[in-house]
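Novice: My structure is stored as protein_3.pdb, with PDB, C-alpha atoms.
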ATOM      1  CA  MET X 104      -5.566 -66.764 -91.626
ATOM      2  CA  ALA X 105      -1.858 -66.681 -92.436
ATOM      3  CA  ARG X 106       0.118 -64.049 -90.592
ATOM      4  CA  ASP X 107       3.827 -63.312 -90.373
ATOM      5  CA  PHE X 108       5.474 -62.079 -87.184
ATOM      6  CA  ALA X 109       8.923 -60.626 -86.631
ATOM      7  CA  ASP X 110       9.551 -62.995 -83.708
ATOM      8  CA  LYS X 111       7.869 -65.244 -81.146
ATOM      9  CA  SER X 112       7.281 -62.314 -78.815
ATOM     10  CA  ALA X 113       5.188 -60.549 -81.460
ATOM     11  CA  ALA X 114       3.188 -63.732 -82.128
ATOM     12  CA  ARG X 115       2.494 -64.172 -78.418
ATOM     13  CA  GLN X 116       1.378 -60.567 -78.006
ATOM     14  CA  TRP X 117      -0.955 -60.855 -81.007
ATOM     15  CA  VAL X 118      -2.580 -64.047 -79.648
ATOM     16  CA  TRP X 119      -3.015 -62.626 -76.140
ATOM     17  CA  ASP X 120      -4.491 -59.393 -77.485
ATOM     18  CA  ARG X 121      -6.773 -61.249 -79.919
ATOM     19  CA  LEU X 122      -8.149 -63.612 -77.261
ATOM     20  CA  SER X 123      -8.959 -60.595 -75.085
ATOM     21  CA  ALA X 124     -10.469 -58.537 -77.911
ATOM     22  CA  GLU X 125     -12.673 -61.411 -79.119
ATOM     23  CA  GLY X 126     -13.874 -62.163 -75.589
ATOM     24  CA  VAL X 127     -12.756 -65.797 -75.735
ATOM     25  CA  ALA X 128     -10.061 -65.626 -73.062
ATOM     26  CA  ARG X 129     -11.037 -67.504 -69.902
ATOM     27  CA  PHE X 130      -9.831 -67.438 -66.292
ATOM     28  CA  PRO X 131      -7.127 -66.820 -65.190
ATOM     29  CA  PHE X 132      -7.009 -63.230 -66.391
ATOM     30  CA  PRO X 133      -5.355 -61.511 -68.051
ATOM     31  CA  PRO X 134      -4.294 -64.089 -70.662
ATOM     32  CA  HIS X 135      -1.062 -62.154 -71.187
ATOM     33  CA  GLY X 136       2.162 -63.638 -69.823
ATOM     34  CA  ARG X 137       0.795 -67.192 -69.550
ATOM     35  CA  ILE X 138      -0.447 -70.137 -71.560
ATOM     36  CA  PRO X 139      -3.863 -68.597 -72.197
ATOM     37  CA  ASN X 140      -7.059 -70.377 -71.303
ATOM     38  CA  PHE X 141      -9.751 -70.124 -73.972
ATOM     39  CA  ALA X 142     -13.425 -70.751 -74.648
ATOM     40  CA  GLY X 143     -13.703 -74.171 -76.230
ATOM     41  CA  ALA X 144     -10.906 -75.863 -74.282
ATOM     42  CA  GLU X 145     -13.297 -78.658 -73.293
ATOM     43  CA  VAL X 146     -14.198 -79.346 -76.941
ATOM     44  CA  ALA X 147     -10.522 -79.370 -77.900
ATOM     45  CA  ALA X 148      -9.783 -81.897 -75.116
ATOM     46  CA  VAL X 149     -12.449 -84.302 -76.327
ATOM     47  CA  ARG X 150     -11.312 -83.965 -79.938
ATOM     48  CA  LEU X 151      -7.710 -84.609 -78.953
ATOM     49  CA  LEU X 152      -8.539 -87.775 -77.053
ATOM     50  CA  ASP X 153     -10.615 -89.059 -79.973
ATOM     51  CA  ILE X 154      -7.580 -89.299 -82.288
ATOM     52  CA  GLU X 155      -4.555 -91.583 -82.199
ATOM     53  CA  PRO X 156      -2.230 -92.010 -80.374
ATOM     54  CA  TRP X 157      -4.083 -90.212 -77.581
ATOM     55  CA  LYS X 158      -7.227 -92.315 -78.107
ATOM     56  CA  SER X 159      -5.472 -95.578 -77.227
ATOM     57  CA  ALA X 160      -3.042 -94.086 -74.704
ATOM     58  CA  THR X 161      -2.874 -95.455 -71.189
ATOM     59  CA  VAL X 162      -0.166 -93.096 -69.862
ATOM     60  CA  ILE X 163       0.279 -89.454 -70.905
ATOM     61  CA  LYS X 164       2.025 -86.320 -69.675
ATOM     62  CA  VAL X 165      -0.010 -83.114 -69.687
ATOM     63  CA  ASN X 166       1.225 -79.638 -68.825
ATOM     64  CA  PRO X 167      -0.214 -77.989 -65.690
ATOM     65  CA  ASP X 168      -1.703 -74.932 -67.411
ATOM     66  CA  SER X 169      -5.405 -74.003 -67.296
ATOM     67  CA  PRO X 170      -6.330 -74.644 -70.945
ATOM     68  CA  GLN X 171      -5.163 -78.259 -70.624
ATOM     69  CA  ARG X 172      -7.112 -78.861 -67.415
ATOM     70  CA  PRO X 173      -9.961 -80.297 -69.547
ATOM     71  CA  VAL X 174      -7.436 -82.655 -71.201
ATOM     72  CA  ARG X 175      -6.348 -83.919 -67.782
ATOM     73  CA  ALA X 176      -9.975 -84.399 -66.698
ATOM     74  CA  GLU X 177     -11.100 -86.119 -69.904
ATOM     75  CA  ALA X 178      -8.070 -88.413 -69.851
ATOM     76  CA  LEU X 179      -8.884 -89.501 -66.289
ATOM     77  CA  ARG X 180     -12.532 -90.089 -67.242
ATOM     78  CA  ARG X 181     -11.283 -92.396 -69.995
ATOM     79  CA  GLY X 182      -9.028 -94.335 -67.613
ATOM     80  CA  ILE X 183      -5.730 -92.780 -68.736
ATOM     81  CA  ALA X 184      -3.011 -92.197 -66.119
ATOM     82  CA  VAL X 185      -1.911 -88.565 -66.249
ATOM     83  CA  PHE X 186       1.530 -87.294 -65.292
ATOM     84  CA  VAL X 187       1.779 -83.564 -64.664
ATOM     85  CA  ALA X 188       4.914 -81.521 -64.197
ATOM     86  CA  THR X 189       4.691 -79.325 -61.142
ATOM     87  CA  PRO X 190       4.559 -75.609 -61.986
ATOM     88  CA  ARG X 191       8.008 -74.321 -62.874
ATOM     89  CA  LEU X 192       9.285 -77.871 -62.268
ATOM     90  CA  ARG X 193       9.648 -77.111 -58.558
ATOM     91  CA  GLY X 194       8.596 -80.602 -57.496
ATOM     92  CA  GLY X 195       9.224 -82.808 -60.522
ATOM     93  CA  PHE X 196       6.230 -84.806 -61.752
ATOM     94  CA  LYS X 197       3.016 -85.987 -60.136
ATOM     95  CA  LYS X 198       0.775 -88.864 -61.137
ATOM     96  CA  LEU X 199      -3.002 -88.770 -61.277
ATOM     97  CA  ASP X 200      -4.231 -92.361 -61.249
ATOM     98  CA  PRO X 201      -7.756 -92.749 -62.664
ATOM     99  CA  HIS X 202      -8.276 -95.880 -60.543
ATOM    100  CA  ARG X 203      -7.740 -93.909 -57.320
ATOM    101  CA  ILE X 204      -9.969 -90.926 -58.123
ATOM    102  CA  SER X 205     -13.738 -91.238 -57.982
ATOM    103  CA  PRO X 206     -15.576 -89.753 -60.987
ATOM    104  CA  ASP X 207     -17.163 -87.025 -58.860
ATOM    105  CA  LYS X 208     -13.694 -85.853 -57.727
ATOM    106  CA  ILE X 209     -11.973 -85.665 -61.133
ATOM    107  CA  ASP X 210     -12.554 -81.928 -61.624
ATOM    108  CA  GLU X 211     -11.039 -81.255 -58.220
ATOM    109  CA  ALA X 212      -8.143 -83.664 -58.824
ATOM    110  CA  VAL X 213      -7.041 -81.895 -62.017
ATOM    111  CA  SER X 214      -6.990 -78.516 -60.294
ATOM    112  CA  LEU X 215      -3.551 -77.212 -59.404
ATOM    113  CA  SER X 216      -4.808 -75.585 -56.241
ATOM    114  CA  ARG X 217      -6.730 -78.628 -54.931
ATOM    115  CA  GLY X 218      -5.293 -81.618 -56.770
ATOM    116  CA  ASN X 219      -2.493 -82.620 -54.403
ATOM    117  CA  ARG X 220      -4.904 -84.769 -52.422
ATOM    118  CA  TRP X 221      -5.115 -87.191 -55.368
ATOM    119  CA  ALA X 222      -1.663 -86.737 -56.867
ATOM    120  CA  GLU X 223       1.316 -88.847 -55.936
ATOM    121  CA  GLU X 224       4.867 -87.633 -56.395
ATOM    122  CA  VAL X 225       6.927 -89.632 -58.834
ATOM    123  CA  ALA X 226      10.706 -89.803 -58.731
ATOM    124  CA  LEU X 227      12.259 -89.050 -62.099
ATOM    125  CA  ALA X 228      13.785 -92.524 -62.209
ATOM    126  CA  ASP X 229      10.280 -93.998 -61.803
ATOM    127  CA  MET X 230       8.657 -92.139 -64.687
ATOM    128  CA  PRO X 231       7.010 -94.651 -67.030
ATOM    129  CA  VAL X 232       7.292 -94.704 -70.798
ATOM    130  CA  LEU X 233       4.650 -92.296 -72.065
ATOM    131  CA  ASP X 234       2.198 -92.935 -74.878
ATOM    132  CA  ALA X 235       1.721 -89.243 -75.653
ATOM    133  CA  ILE X 236       2.619 -85.750 -74.469
ATOM    134  CA  VAL X 237       0.391 -82.668 -74.285
ATOM    135  CA  CYS X 238       2.118 -79.326 -73.879
ATOM    136  CA  GLY X 239       0.821 -75.800 -73.492
ATOM    137  CA  SER X 240       1.159 -73.212 -76.217
ATOM    138  CA  VAL X 241       0.469 -69.546 -76.723
ATOM    139  CA  ALA X 242       0.757 -69.634 -80.516
ATOM    140  CA  VAL X 243       0.755 -72.546 -82.936
ATOM    141  CA  THR X 244       1.102 -72.663 -86.701
ATOM    142  CA  ARG X 245      -1.025 -75.019 -88.776
ATOM    143  CA  ASN X 246       2.082 -77.045 -89.623
ATOM    144  CA  GLY X 247       2.874 -77.674 -85.963
ATOM    145  CA  ARG X 248       5.347 -75.022 -84.859
ATOM    146  CA  ARG X 249       4.621 -73.660 -81.425
ATOM    147  CA  CYS X 250       5.762 -71.164 -78.896
ATOM    148  CA  GLY X 251       4.959 -71.200 -75.219
ATOM    149  CA  LYS X 252       4.956 -68.253 -72.879
ATOM    150  CA  GLY X 253       8.705 -67.858 -73.312
ATOM    151  CA  GLU X 254      10.148 -69.410 -70.166
ATOM    152  CA  GLY X 255      11.070 -72.786 -71.676
ATOM    153  CA  TYR X 256       9.401 -75.103 -69.148
ATOM    154  CA  SER X 257       7.749 -77.322 -71.747
ATOM    155  CA  ASP X 258      11.108 -77.739 -73.464
ATOM    156  CA  LEU X 259      12.765 -78.523 -70.120
ATOM    157  CA  GLU X 260      10.127 -81.148 -69.281
ATOM    158  CA  PHE X 261      10.636 -82.789 -72.654
ATOM    159  CA  ALA X 262      14.431 -82.634 -72.275
ATOM    160  CA  ILE X 263      14.265 -84.237 -68.807
ATOM    161  CA  LEU X 264      12.123 -87.063 -70.149
ATOM    162  CA  ARG X 265      14.466 -87.541 -73.123
ATOM    163  CA  GLU X 266      17.476 -87.654 -70.802
ATOM    164  CA  LEU X 267      15.742 -90.375 -68.797
ATOM    165  CA  GLY X 268      15.134 -92.375 -71.976
ATOM    166  CA  HIS X 269      11.494 -91.261 -72.204
ATOM    167  CA  PRO X 270      10.196 -91.020 -74.755
ATOM    168  CA  PRO X 271      11.960 -94.022 -76.231
ATOM    169  CA  VAL X 272      14.094 -93.665 -79.302
ATOM    170  CA  PRO X 273      13.600 -94.138 -82.237
ATOM    171  CA  ARG X 274       9.811 -93.720 -81.879
ATOM    172  CA  PRO X 275       9.068 -91.000 -79.338
ATOM    173  CA  PRO X 276       5.376 -90.247 -78.794
ATOM    174  CA  PRO X 277       4.235 -87.118 -80.567
ATOM    175  CA  PRO X 278       3.774 -83.980 -78.515
ATOM    176  CA  CYS X 279       0.625 -81.984 -79.158
ATOM    177  CA  THR X 280      -1.292 -79.037 -77.827
ATOM    178  CA  THR X 281      -4.837 -77.758 -77.757
ATOM    179  CA  CYS X 282      -5.523 -74.239 -78.936
ATOM    180  CA  ARG X 283      -8.185 -71.926 -80.267
ATOM    181  CA  LEU X 284      -7.915 -71.220 -83.958
ATOM    182  CA  SER X 285      -8.023 -67.569 -84.908
ATOM    183  CA  THR X 286     -10.905 -66.147 -86.895
ATOM    184  CA  PRO X 287     -12.284 -66.474 -89.549
ATOM    185  CA  CYS X 288     -12.613 -70.146 -88.497
ATOM    186  CA  PRO X 289     -13.271 -69.980 -84.738
ATOM    187  CA  ALA X 290     -13.088 -73.675 -83.958
ATOM    188  CA  THR X 291     -10.916 -75.623 -81.619
ATOM    189  CA  ARG X 292      -8.913 -78.669 -82.519
ATOM    190  CA  PRO X 293      -5.792 -80.454 -81.378
ATOM    191  CA  ILE X 294      -2.649 -79.775 -83.331
ATOM    192  CA  SER X 295       0.118 -82.344 -83.427
ATOM    193  CA  LEU X 296       3.515 -80.717 -83.080
ATOM    194  CA  SER X 297       6.716 -81.476 -84.897
ATOM    195  CA  VAL X 298       9.749 -81.941 -82.692
TER     196      VAL X 298
END
Reformat the file's structure so that it appears as structure tokens.

Specialist:
Amino acid sequence: MARDFADKSAARQWVWDRLSAEGVARFPFPPHGRIPNFAGAEVAAVRLLDIEPWKSATVIKVNPDSPQRPVRAEALRRGIAVFVATPRLRGGFKKLDPHRISPDKIDEAVSLSRGNRWAEEVALADMPVLDAIVCGSVAVTRNGRRCGKGEGYSDLEFAILRELGHPPVPRPPPPCTTCRLSTPCPATRPISLSV
């Protein structure tokens, strides 16, 4: 369904309202003012990690928001090291090492409220070269344009990594997101973003 909006704010409001009205918004509530969690986030995570370059990745960065929690968990189950920016970049980045987390503790490890037990802080200078980046989005177009919740943290994370030489030039890893497609095709799929 193609739709034109006057600005990003209008697109965000439409998505938040639509997720609520269709009953597909998931905790935390309300979806408004945040990267909204959605029914089907688990399916989107699996689909994302079944396509390249995420399928063969060994090191990825994933945003800390709720809808990408399944991406963090699935990546760890597949043996992928996950780097997560701390909320609002207050503490830089943390590493979740799949070799240090038992399978029965993965769901707890990817939780923001309980995950610190398994996460290790990583100095910016020690950030590895990433194979892929997953960011959070409120609205995404089919051709890969996105908008977050409007505070710019995803852009700041990417800018910090670029300043550090990650991702490497000239072939930076593609950023992507997971999202719920709007009706009339209520499916979930990963969307690769243009930078």

Novice: For Arg245 in chain X, which residue out of X:Arg265, X:Lys208, X:Arg172, X:Arg283 is the nearest one, using all atoms listed in the file?

Specialist: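 Of the candidates, the smallest distance to Arg245 in chain X is held by X:Arg283.
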
Novice: One decimal, in Å: what's the spacing between CA of Asn140 in chain X and CA of Pro167 in chain X?

Specialist: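 Interatomic distance, CA of Asn140 in chain X to CA of Pro167 in chain X: 11.7 Å.
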
Novice: May I have the protein, DNA and RNA residues with an atom at most 7 Å from (-2.2, -92.2, -57.3), counting all atoms listed in the file in the file's coordinates, returned as a ChimeraX atom specification?

Specialist: /X:198-200,203,221-223

Novice: How would the residues just picked look written out with C-alpha atoms as a PDB file, in the frame of the given file?

Specialist:
ATOM      1  CA  LYS X 198       0.775 -88.864 -61.137  1.00  0.00           C
ATOM      2  CA  LEU X 199      -3.002 -88.770 -61.277  1.00  0.00           C
ATOM      3  CA  ASP X 200      -4.231 -92.361 -61.249  1.00  0.00           C
ATOM      4  CA  ARG X 203      -7.740 -93.909 -57.320  1.00  0.00           C
ATOM      5  CA  TRP X 221      -5.115 -87.191 -55.368  1.00  0.00           C
ATOM      6  CA  ALA X 222      -1.663 -86.737 -56.867  1.00  0.00           C
ATOM      7  CA  GLU X 223       1.316 -88.847 -55.936  1.00  0.00           C
TER       8      GLU X 223
END

Novice: Counting only C-alpha atoms, which residues of range 247-284 of chain X fall within 12 Å of range 116-119 of chain X, and what is the closest atom pair for each with its distance in Å at one decimal, ordered by chain and rising number, as a Markdown table?

Specialist:
| residue | atom | partner | partner_atom | distance |
| --- | --- | --- | --- | --- |
| X:Cys250 | CA | X:Val118 | CA | 11.0 |
| X:Gly251 | CA | X:Val118 | CA | 11.3 |
| X:Lys252 | CA | X:Gln116 | CA | 9.9 |
| X:Gly253 | CA | X:Gln116 | CA | 11.4 |
| X:Cys282 | CA | X:Val118 | CA | 10.6 |
| X:Arg283 | CA | X:Val118 | CA | 9.7 |
| X:Leu284 | CA | X:Val118 | CA | 9.9 |

Novice: CA of Leu151 in chain X and CA of Ala178 in chain X, how far apart in Å?

Specialist: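 That distance, rounded to one decimal, is 9.9 Å.
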
Novice: Restricting the calculation to only C-alpha atoms: of X:Lys111, X:Lys197, X:Lys164, X:Arg217, which residue gets closest to Thr244 in chain X?

Specialist: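 Comparing X:Lys111, X:Lys197, X:Lys164, X:Arg217 against Thr244 in chain X, the winner is X:Lys111.
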
Novice: For CA of Ala114 in chain X and CA of His135 in chain X, quote the distance in Å rounded to one decimal.

Specialist: 11.8 Å

Novice: Give me the residues within 6 Å of range 158-161 of chain X as a ChimeraX atom specification, counting all atoms listed in the file and dropping any in the same chain fewer than 3 places off.

Specialist: /X:152-155,183,234

Novice: Go through X:Ser257, X:Glu177, X:Phe130, X:Thr189 and flag the residue nearest Val241 in chain X, using all atoms listed in the file for the distances.

Specialist: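 Residue with the minimum atom-to-atom distance to Val241 in chain X: X:Ser257.
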
Novice: Could you pull the residues within 10 Å of Leu215 in chain X, counting only C-alpha atoms, minus those fewer than 3 positions along the same chain, as a ChimeraX atom specification?

Specialist: /X:167-169,172,187,189-190,211-212,218-219

Novice: Rank X:Arg180, X:Thr280, X:Pro156, X:Val174 by their smallest atom-to-atom distance to Ala242 in chain X, using all atoms listed in the file, and report the top residue only.

Specialist: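 Of the candidates, the smallest distance to Ala242 in chain X is held by X:Thr280.
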
Novice: For Val237 in chain X, which of X:Ile204, X:Leu179, X:Ala144, X:Val165 is the closest residue, counting all atoms listed in the file?

Specialist: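 Looking only at the distances to Val237 in chain X, the closest residue turns out to be X:Val165.
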
Novice: Determine the residue membership of the PyMOL selection byres ((chain X and resi 261) around 12) for the file above and supply it as number ranges by chain.

Specialist: X: 164-166, 187-188, 192, 196, 233, 235-238, 255-260, 262-271, 275-279, 298

Novice: Counting all atoms listed in the file, which of X:Arg150, X:Arg220, X:Arg121, X:Arg181 gets nearest to Pro201 in chain X?

Specialist: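 Ranked by minimum distance to Pro201 in chain X, first place goes to X:Arg181.
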
Novice: Report the residues retrieved by the PyMOL selection byres ((chain X and resi 226) around 10) from the displayed file, expressed as a ChimeraX atom specification.

Specialist: /X:194-197,223-225,227-230
